[in-house]
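Structure record follows, encoded as structure tokens.
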Amino acid sequence: MSGVRVLVGTRKGAFILTSDARREQWDIGGPHFAGWEIYHLNGSPVDPNRLYASQSSGWFGQLIQRSDDGGKTWEPVDNKFVYDGVPGTHQWYDGTQHPWEFKRVWRLQPSLTDPDTVYAGVEDAALFRSKDGGKSWQELPGLRAAKGHLWQPGAGGMCLHTIVLDPGNPNRIFIAISAAGAFRTDDAGETWRPVNRGLRIDYELPDAAAEVGHCVHSIAMHPARPDVLFMQKHWDVMRSDDAGEMWHEVSGNLPSDFGFPIAVHAHEPNTVYVVPIKSDSEHFPPDGKLRVYRSRTGGDEWKALTKGLPQSDCYVNVLRSALAIDALDSCGVYFGTTGGQVYASADSGDSWAPIVRDLPSVLSVEVQTLP
Amino acid sequence: MIRVVLPYHLRTLAGVGREVELQIDGPATQRALLDALEARYPMLRGTIRDHVTLQRRGFIRFFAVGRDLSHEPPDAPLPDEVATGAAPFMVVGAIAGG
């Protein structure tokens with residue numbers, strides 16, 4: 001019988017939550033790597049037993065762990081992330097140029113076709129790739145050539161947090177970097193260019209139409225329609241219908257268009273999910289009510305999903321990598337909170353229930369749909 | 001034989017007990033000790049000192065015989081008690097909250 005495996009990264013370890021397709025009874029596995037920050041763990045789409053985990057700590061730095069048995073056992077693989085050639089410099093807070101310095105891996109994105117190929121998005125922002133299952137990492141330096149000298153860290157660090165692979169075109173990849181923007185390659189990572197036209201907000205940048213500097217929080221795509229992208233920006237929910245060439249706002253009737261994650265329904269390319277947060281100054285849900293918003297119209301028209309979610313006194317956040325979608329016939333939606341809850345819906349968001357309530361603060365949630 | 005005490009998380013990572021013993025050929029220095037430690041336990045590379053610069057990570061300290069050796073030059077001789085195995089070389093994670 002099919003089922004799901006939910007991969008949860010937290011401030012103090014990784015947890016693996018499993019259930020059958022009914023998604024009513026859950027087994028809670030973990031903590032794995034107890035005491036370490038797990039920014040992200042993710043599975044190969046072509047080999048669900050192949051998992052990768054980003055394990056880090058302020059004391060001991062970055063490790064990458066790999067599992068070949070669905071997370072039962074793990075082995076550390078290469079953790080050497082060295083920028084290609086002379087690292088170069090980017091903008092610093094005081095207007096000077098500052099050398100690139102590796103800090104951590106924010107995101108691991110396995111290839112859609114090869115379990116041994118995996119991309120790593122890192123801070124300070126760069127994209128690395130391994131073609132040997134994590135045994136060695138090489139930077140794709142063309143990305144930092146895309147005006148990298150103008151990138152400047154925001155308060156959360158200059159992190160590459162989003163990697164979206166185009167299922168219809170193996171040469172096309174989208175990435176996003178906090179306070180730098182969205183970028184696209186059409187030649188498998190050799191060269192990149194900013195794709196930020198249409199992202200405008202006057203109080204984030206002195207030149208609201210600047211080519212780089214936009215604070216993209218996350219990007220989502222439906223695999224059947226890879227030219228349509230949805231973006232949760234610092235403020236504004238955006239949509240592009242031409243692979244990022246131009247964006248337009250689809251925030252519509254949201255109570256706040258600030259937020260972190262965004263996701264698309266597995267079977268309905270026009271159904272999109274966001275979790276509005278009150279503001280950049282107050283990172284919690286408006287009115288203390290935890291509400292996922294769903295649009296079935298590709299944006300603009302949004303409906304609050306509240307059944308089973310706390311509707312009073314709730315002041316958690318949902319971070320950019322902490323919302324995920326399964327591919328079962330009745331589409332499942334999952335998210336984790338900074339308060340340690342992981343909520344699941346087995347009916348496209350109509351109703352919710354917590355899988356687990358008291359984990360460490362949740363940094364990321366991914367879900368694998370198992371055969 | 002040189003004795004090295006590792007902090008909890010690195011013991012778990014390397015799959016060892018509180019203390020490991022290393023054979024060092026040549027002068028017993030901090031660099032030689034860390035080279036030998038990383039050669040025997042490759043998963044520790046990058047966790048104590050930087051991969052490229054080989055500088056000690058900021059929140060890691062080196063203690064031995066009641067002294068903080070963190071700022072000693074990497075090629076300086078280790079104390080005799082460490083070199084002879086009478087006292088351990090301690091790799092310590094700095095105290096921090098959270």
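Please note that chains go A, B, ... in the order of the structure tokens, that every chain numbers its residues from 1, and that ligands are numbered from 1 in the order shown.
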Problem - Close residues, stretch 6-11 of chain B itself excluded, 9 Å, only C-alpha atoms, min 5 positions apart in chain, as a VMD selection string - result: (chain A and resid 33 to 36 60) or (chain B and resid 16 to 20 44 47 89 to 93)
Exercise for the section: From chain B, collect each residue whose DSSP state is strand (DSSP E) and return the set as a list of chain:residue names. Expected result: B:Ile2, B:Arg3, B:Val4, B:Val5, B:Glu19, B:Val20, B:Glu21, B:Leu22, B:Ile60, B:Arg61, B:Phe62, B:Phe63, B:Ala64, B:Arg67, B:Asp68, B:Phe89, B:Met90, B:Val91, B:Val92, B:Gly93
Quick one: which chain B residues come within 9 Å of chain A, and what is the nearest atom pair for each with the distance in Å to one decimal, counting only C-alpha atoms, rows ordered by chain and ascending number, as a Markdown table?
| residue | atom | partner | partner_atom | distance |
| --- | --- | --- | --- | --- |
| B:His9 | CA | A:Gly35 | CA | 8.1 |
| B:Leu10 | CA | A:Phe60 | CA | 8.2 |
| B:Thr12 | CA | A:Phe33 | CA | 8.9 |
| B:Leu13 | CA | A:Pro76 | CA | 8.2 |
| B:Met43 | CA | A:Pro76 | CA | 6.5 |
| B:Leu44 | CA | A:Phe60 | CA | 9.0 |
| B:Arg45 | CA | A:Asn79 | CA | 8.0 |
| B:Gly46 | CA | A:Gly61 | CA | 7.0 |
| B:Thr47 | CA | A:Phe60 | CA | 4.3 |
| B:Ile48 | CA | A:Phe60 | CA | 6.2 |
| B:Arg49 | CA | A:Phe60 | CA | 8.5 |
| B:Asp50 | CA | A:Gly61 | CA | 8.8 |
| B:His51 | CA | A:Lys80 | CA | 6.6 |
| B:Val52 | CA | A:Val82 | CA | 8.0 |
| B:Arg57 | CA | A:Trp59 | CA | 7.2 |
| B:Gly58 | CA | A:Trp59 | CA | 7.3 |
| B:Phe59 | CA | A:Trp59 | CA | 5.1 |
| B:Ile60 | CA | A:Trp59 | CA | 6.4 |
| B:Gly93 | CA | A:Trp59 | CA | 6.3 |
| B:Ala94 | CA | A:Trp59 | CA | 7.5 |
Save the residues we just selected, N, CA and C atoms, as a PDB file, in the first residue's frame?
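Writing the result to out01.pdb gives the following:
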ATOM      1  N   HIS B   9      29.524  15.624  20.404  1.00  0.00           N
ATOM      2  CA  HIS B   9      29.010  15.505  19.038  1.00  0.00           C
ATOM      3  C   HIS B   9      30.043  14.903  18.097  1.00  0.00           C
ATOM      4  N   LEU B  10      31.316  15.168  18.338  1.00  0.00           N
ATOM      5  CA  LEU B  10      32.337  14.592  17.454  1.00  0.00           C
ATOM      6  C   LEU B  10      32.574  13.120  17.785  1.00  0.00           C
ATOM      7  N   THR B  12      30.157  11.134  18.653  1.00  0.00           N
ATOM      8  CA  THR B  12      29.033  10.491  17.966  1.00  0.00           C
ATOM      9  C   THR B  12      29.303  10.391  16.473  1.00  0.00           C
ATOM     10  N   LEU B  13      29.818  11.477  15.918  1.00  0.00           N
ATOM     11  CA  LEU B  13      30.071  11.505  14.475  1.00  0.00           C
ATOM     12  C   LEU B  13      31.121  10.467  14.081  1.00  0.00           C
ATOM     13  N   MET B  43      35.710  11.707   8.749  1.00  0.00           N
ATOM     14  CA  MET B  43      34.458  12.446   8.914  1.00  0.00           C
ATOM     15  C   MET B  43      34.637  13.676   9.819  1.00  0.00           C
ATOM     16  N   LEU B  44      35.754  13.760  10.499  1.00  0.00           N
ATOM     17  CA  LEU B  44      35.999  14.930  11.360  1.00  0.00           C
ATOM     18  C   LEU B  44      36.620  16.098  10.600  1.00  0.00           C
ATOM     19  N   ARG B  45      36.959  15.881   9.323  1.00  0.00           N
ATOM     20  CA  ARG B  45      37.560  16.973   8.547  1.00  0.00           C
ATOM     21  C   ARG B  45      36.571  18.127   8.431  1.00  0.00           C
ATOM     22  N   GLY B  46      37.030  19.304   8.699  1.00  0.00           N
ATOM     23  CA  GLY B  46      36.190  20.489   8.615  1.00  0.00           C
ATOM     24  C   GLY B  46      35.429  20.801   9.887  1.00  0.00           C
ATOM     25  N   THR B  47      35.409  19.880  10.845  1.00  0.00           N
ATOM     26  CA  THR B  47      34.624  20.127  12.062  1.00  0.00           C
ATOM     27  C   THR B  47      35.443  20.771  13.175  1.00  0.00           C
ATOM     28  N   ILE B  48      36.757  20.617  13.129  1.00  0.00           N
ATOM     29  CA  ILE B  48      37.624  21.192  14.156  1.00  0.00           C
ATOM     30  C   ILE B  48      38.396  22.385  13.598  1.00  0.00           C
ATOM     31  N   ARG B  49      38.827  22.244  12.356  1.00  0.00           N
ATOM     32  CA  ARG B  49      39.537  23.337  11.686  1.00  0.00           C
ATOM     33  C   ARG B  49      39.047  23.419  10.244  1.00  0.00           C
ATOM     34  N   ASP B  50      39.226  24.574   9.657  1.00  0.00           N
ATOM     35  CA  ASP B  50      38.745  24.823   8.292  1.00  0.00           C
ATOM     36  C   ASP B  50      39.452  23.908   7.298  1.00  0.00           C
ATOM     37  N   HIS B  51      38.675  23.438   6.301  1.00  0.00           N
ATOM     38  CA  HIS B  51      39.235  22.558   5.276  1.00  0.00           C
ATOM     39  C   HIS B  51      40.441  23.172   4.588  1.00  0.00           C
ATOM     40  N   VAL B  52      40.339  24.447   4.253  1.00  0.00           N
ATOM     41  CA  VAL B  52      41.344  25.070   3.386  1.00  0.00           C
ATOM     42  C   VAL B  52      42.404  25.793   4.198  1.00  0.00           C
ATOM     43  N   ARG B  57      38.316  26.286  14.173  1.00  0.00           N
ATOM     44  CA  ARG B  57      37.004  26.920  14.130  1.00  0.00           C
ATOM     45  C   ARG B  57      36.806  27.772  15.388  1.00  0.00           C
ATOM     46  N   GLY B  58      36.015  28.833  15.234  1.00  0.00           N
ATOM     47  CA  GLY B  58      35.942  29.845  16.285  1.00  0.00           C
ATOM     48  C   GLY B  58      35.490  29.345  17.639  1.00  0.00           C
ATOM     49  N   PHE B  59      34.557  28.390  17.680  1.00  0.00           N
ATOM     50  CA  PHE B  59      34.011  27.936  18.965  1.00  0.00           C
ATOM     51  C   PHE B  59      34.647  26.628  19.439  1.00  0.00           C
ATOM     52  N   ILE B  60      35.785  26.295  18.869  1.00  0.00           N
ATOM     53  CA  ILE B  60      36.530  25.116  19.324  1.00  0.00           C
ATOM     54  C   ILE B  60      37.746  25.595  20.117  1.00  0.00           C
ATOM     55  N   GLY B  93      34.214  22.098  22.876  1.00  0.00           N
ATOM     56  CA  GLY B  93      33.263  23.045  22.310  1.00  0.00           C
ATOM     57  C   GLY B  93      33.003  24.158  23.309  1.00  0.00           C
ATOM     58  N   ALA B  94      33.044  25.412  22.824  1.00  0.00           N
ATOM     59  CA  ALA B  94      32.874  26.542  23.732  1.00  0.00           C
ATOM     60  C   ALA B  94      31.499  26.507  24.402  1.00  0.00           C
TER      61      ALA B  94
END
Handout entry: Spatial neighbours of A:Gly95, 12 Å, only C-alpha atoms, chain gap at least 2 places, as number ranges by chain
Key = A: 89-93, 97-98, 149-153
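If only C-alpha atoms are the atoms counted, then among A:Pro170, A:Gly43, A:Gly13, A:Gly298 the closest residue to A:Leu108 is A:Gly43.
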Practice task
Would you mind writing down, as a list of chain:residue names, each residue of chain B that DSSP on the backbone assigns to helix (DSSP H, G or I)?
Solution key: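 Put together, the selection reads B:Tyr8, B:His9, B:Leu10, B:Arg11, B:Thr12, B:Leu13, B:Ala14, B:Gln30, B:Arg31, B:Ala32, B:Leu33, B:Leu34, B:Asp35, B:Ala36, B:Leu37, B:Glu38, B:Ala39, B:Arg40, B:Pro42, B:Met43, B:Leu44, B:Asp80, B:Glu81, B:Val82, B:Ala83.
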Write the residues of the preceding selection, restricted to N, CA and C atoms, as a PDB file, in the first residue's frame.
ATOM      1  N   TYR B   8      31.247  15.661  22.760  1.00  0.00           N
ATOM      2  CA  TYR B   8      30.182  14.669  22.569  1.00  0.00           C
ATOM      3  C   TYR B   8      29.803  14.498  21.100  1.00  0.00           C
ATOM      4  N   HIS B   9      29.524  15.624  20.404  1.00  0.00           N
ATOM      5  CA  HIS B   9      29.010  15.505  19.038  1.00  0.00           C
ATOM      6  C   HIS B   9      30.043  14.903  18.097  1.00  0.00           C
ATOM      7  N   LEU B  10      31.316  15.168  18.338  1.00  0.00           N
ATOM      8  CA  LEU B  10      32.337  14.592  17.454  1.00  0.00           C
ATOM      9  C   LEU B  10      32.574  13.120  17.785  1.00  0.00           C
ATOM     10  N   ARG B  11      32.409  12.741  19.037  1.00  0.00           N
ATOM     11  CA  ARG B  11      32.458  11.307  19.374  1.00  0.00           C
ATOM     12  C   ARG B  11      31.360  10.556  18.620  1.00  0.00           C
ATOM     13  N   THR B  12      30.157  11.134  18.653  1.00  0.00           N
ATOM     14  CA  THR B  12      29.033  10.491  17.966  1.00  0.00           C
ATOM     15  C   THR B  12      29.303  10.391  16.473  1.00  0.00           C
ATOM     16  N   LEU B  13      29.818  11.477  15.918  1.00  0.00           N
ATOM     17  CA  LEU B  13      30.071  11.505  14.475  1.00  0.00           C
ATOM     18  C   LEU B  13      31.121  10.467  14.081  1.00  0.00           C
ATOM     19  N   ALA B  14      32.186  10.369  14.873  1.00  0.00           N
ATOM     20  CA  ALA B  14      33.269   9.443  14.547  1.00  0.00           C
ATOM     21  C   ALA B  14      32.991   8.023  15.038  1.00  0.00           C
ATOM     22  N   GLN B  30      50.484  20.355  17.475  1.00  0.00           N
ATOM     23  CA  GLN B  30      49.031  20.432  17.281  1.00  0.00           C
ATOM     24  C   GLN B  30      48.674  20.051  15.842  1.00  0.00           C
ATOM     25  N   ARG B  31      49.462  20.523  14.879  1.00  0.00           N
ATOM     26  CA  ARG B  31      49.158  20.210  13.475  1.00  0.00           C
ATOM     27  C   ARG B  31      49.283  18.700  13.224  1.00  0.00           C
ATOM     28  N   ALA B  32      50.365  18.108  13.746  1.00  0.00           N
ATOM     29  CA  ALA B  32      50.567  16.672  13.527  1.00  0.00           C
ATOM     30  C   ALA B  32      49.448  15.866  14.186  1.00  0.00           C
ATOM     31  N   LEU B  33      49.032  16.328  15.363  1.00  0.00           N
ATOM     32  CA  LEU B  33      47.945  15.630  16.073  1.00  0.00           C
ATOM     33  C   LEU B  33      46.645  15.692  15.277  1.00  0.00           C
ATOM     34  N   LEU B  34      46.308  16.891  14.772  1.00  0.00           N
ATOM     35  CA  LEU B  34      45.046  17.033  14.031  1.00  0.00           C
ATOM     36  C   LEU B  34      45.123  16.320  12.683  1.00  0.00           C
ATOM     37  N   ASP B  35      46.306  16.342  12.054  1.00  0.00           N
ATOM     38  CA  ASP B  35      46.474  15.581  10.803  1.00  0.00           C
ATOM     39  C   ASP B  35      46.206  14.094  11.054  1.00  0.00           C
ATOM     40  N   ALA B  36      46.773  13.578  12.132  1.00  0.00           N
ATOM     41  CA  ALA B  36      46.605  12.151  12.439  1.00  0.00           C
ATOM     42  C   ALA B  36      45.156  11.838  12.801  1.00  0.00           C
ATOM     43  N   LEU B  37      44.537  12.743  13.537  1.00  0.00           N
ATOM     44  CA  LEU B  37      43.131  12.546  13.928  1.00  0.00           C
ATOM     45  C   LEU B  37      42.233  12.503  12.683  1.00  0.00           C
ATOM     46  N   GLU B  38      42.448  13.448  11.762  1.00  0.00           N
ATOM     47  CA  GLU B  38      41.594  13.514  10.567  1.00  0.00           C
ATOM     48  C   GLU B  38      41.894  12.363   9.597  1.00  0.00           C
ATOM     49  N   ALA B  39      43.145  11.902   9.598  1.00  0.00           N
ATOM     50  CA  ALA B  39      43.475  10.771   8.715  1.00  0.00           C
ATOM     51  C   ALA B  39      42.767   9.507   9.199  1.00  0.00           C
ATOM     52  N   ARG B  40      42.690   9.360  10.523  1.00  0.00           N
ATOM     53  CA  ARG B  40      42.052   8.151  11.055  1.00  0.00           C
ATOM     54  C   ARG B  40      40.540   8.267  11.056  1.00  0.00           C
ATOM     55  N   PRO B  42      38.169  10.434   8.966  1.00  0.00           N
ATOM     56  CA  PRO B  42      37.987  11.468   7.921  1.00  0.00           C
ATOM     57  C   PRO B  42      36.698  12.274   8.077  1.00  0.00           C
ATOM     58  N   MET B  43      35.710  11.707   8.749  1.00  0.00           N
ATOM     59  CA  MET B  43      34.458  12.446   8.914  1.00  0.00           C
ATOM     60  C   MET B  43      34.637  13.676   9.819  1.00  0.00           C
ATOM     61  N   LEU B  44      35.754  13.760  10.499  1.00  0.00           N
ATOM     62  CA  LEU B  44      35.999  14.930  11.360  1.00  0.00           C
ATOM     63  C   LEU B  44      36.620  16.098  10.600  1.00  0.00           C
ATOM     64  N   ASP B  80      55.017  18.117  27.158  1.00  0.00           N
ATOM     65  CA  ASP B  80      55.575  16.766  27.293  1.00  0.00           C
ATOM     66  C   ASP B  80      54.542  15.770  27.785  1.00  0.00           C
ATOM     67  N   GLU B  81      53.695  16.202  28.724  1.00  0.00           N
ATOM     68  CA  GLU B  81      52.693  15.274  29.266  1.00  0.00           C
ATOM     69  C   GLU B  81      51.747  14.768  28.175  1.00  0.00           C
ATOM     70  N   VAL B  82      51.460  15.629  27.186  1.00  0.00           N
ATOM     71  CA  VAL B  82      50.598  15.215  26.070  1.00  0.00           C
ATOM     72  C   VAL B  82      51.394  14.319  25.127  1.00  0.00           C
ATOM     73  N   ALA B  83      52.615  14.729  24.820  1.00  0.00           N
ATOM     74  CA  ALA B  83      53.435  13.970  23.868  1.00  0.00           C
ATOM     75  C   ALA B  83      53.723  12.562  24.366  1.00  0.00           C
TER      76      ALA B  83
END
Exercise for the section: Would you mind reading off the distance between atom CA of B:Gln55 and atom CA of A:Glu101, one decimal, in Å? Expected result: 13.8 Å
Practice task
May I ask for the distance between atom CA of A:Lys103 and atom CA of A:Ala180, given in Å to one decimal place?
Solution key: 17.1 Å
Practice task
Would you kindly return, as JSON, numbers by chain, each protein, DNA or RNA residue with an atom no farther than 12 Å from any atom of B:Ala87, considering only C-alpha atoms and excluding same-chain residues fewer than 4 positions away?
Solution key: {"B": [1, 2, 3, 4, 5, 19, 21, 63, 64, 65, 66, 67, 78, 79, 80, 81, 82, 83]}
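As for atom CA of A:Pro141 and atom CA of A:Arg129, they are spaced 10.6 Å apart.
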Contact residues around A:Val212 with only C-alpha atoms at 9 Å, ignoring same-chain residues under 4 positions, as an mmCIF file with C-alpha atoms, in the first residue's frame:
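Output contents, as saved in result.cif:
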data_model
loop_
_atom_site.group_PDB
_atom_site.id
_atom_site.type_symbol
_atom_site.label_atom_id
_atom_site.label_comp_id
_atom_site.auth_asym_id
_atom_site.auth_seq_id
_atom_site.Cartn_x
_atom_site.Cartn_y
_atom_site.Cartn_z
ATOM 1 C CA LYS A 147 26.138 40.547 -10.729
ATOM 2 C CA GLY A 148 27.282 38.806 -7.567
ATOM 3 C CA LEU A 150 26.166 43.701 -6.132
ATOM 4 C CA TRP A 151 24.529 41.111 -3.871
ATOM 5 C CA ALA A 179 18.082 39.951 -0.763
ATOM 6 C CA ALA A 180 19.500 39.188 -4.227
ATOM 7 C CA GLY A 181 16.559 37.734 -6.154
ATOM 8 C CA ALA A 182 15.676 34.978 -8.612
ATOM 9 C CA PRO A 194 18.608 37.564 -12.976
ATOM 10 C CA VAL A 195 14.878 37.065 -13.610
ATOM 11 C CA ASN A 196 13.388 39.772 -11.397
#
Exercise for the section: Please provide as a list in words all residues within 10 Å of A:Ala304, with the sequence filter that same-chain residues fewer than 4 positions apart are discarded (counting only C-alpha atoms). Expected result: Leu254, Pro255, Tyr273, Val274, Val275, Pro276, Leu290, Arg291, Val292, Tyr293, Arg294, Ser295, Gly349 and Asp350 of chain A
Residue neighbourhood stretch 277-283 of chain A, 10 Å, only C-alpha atoms, exclusion window fewer than 5 positions, as a compact mmCIF listing (two decimals) with C-alpha atoms, in the first residue's frame:
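Result saved to out15.txt:
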# COMPACT_ATOMS: atom_id res chain seq x y z
CA HIS A 234 9.37 39.42 1.31
CA TRP A 235 6.17 41.34 0.63
CA PRO A 255 -4.84 39.48 4.82
CA SER A 256 -1.09 40.06 4.48
CA ASP A 257 1.11 39.35 1.49
CA PHE A 258 4.20 38.91 3.66
CA GLY A 259 5.21 35.30 4.22
CA PHE A 260 7.85 32.69 3.59
CA GLY A 288 -2.99 35.07 16.29
CA LYS A 289 -4.86 32.79 13.84
CA LEU A 290 -2.85 30.18 11.96
CA ARG A 291 -4.35 30.13 8.49
CA TYR A 315 2.23 33.22 17.36
CA VAL A 316 4.43 30.80 15.48
CA ASN A 317 6.11 31.31 12.13
CA VAL A 318 6.26 28.97 9.12
CA LEU A 319 9.66 29.22 7.45
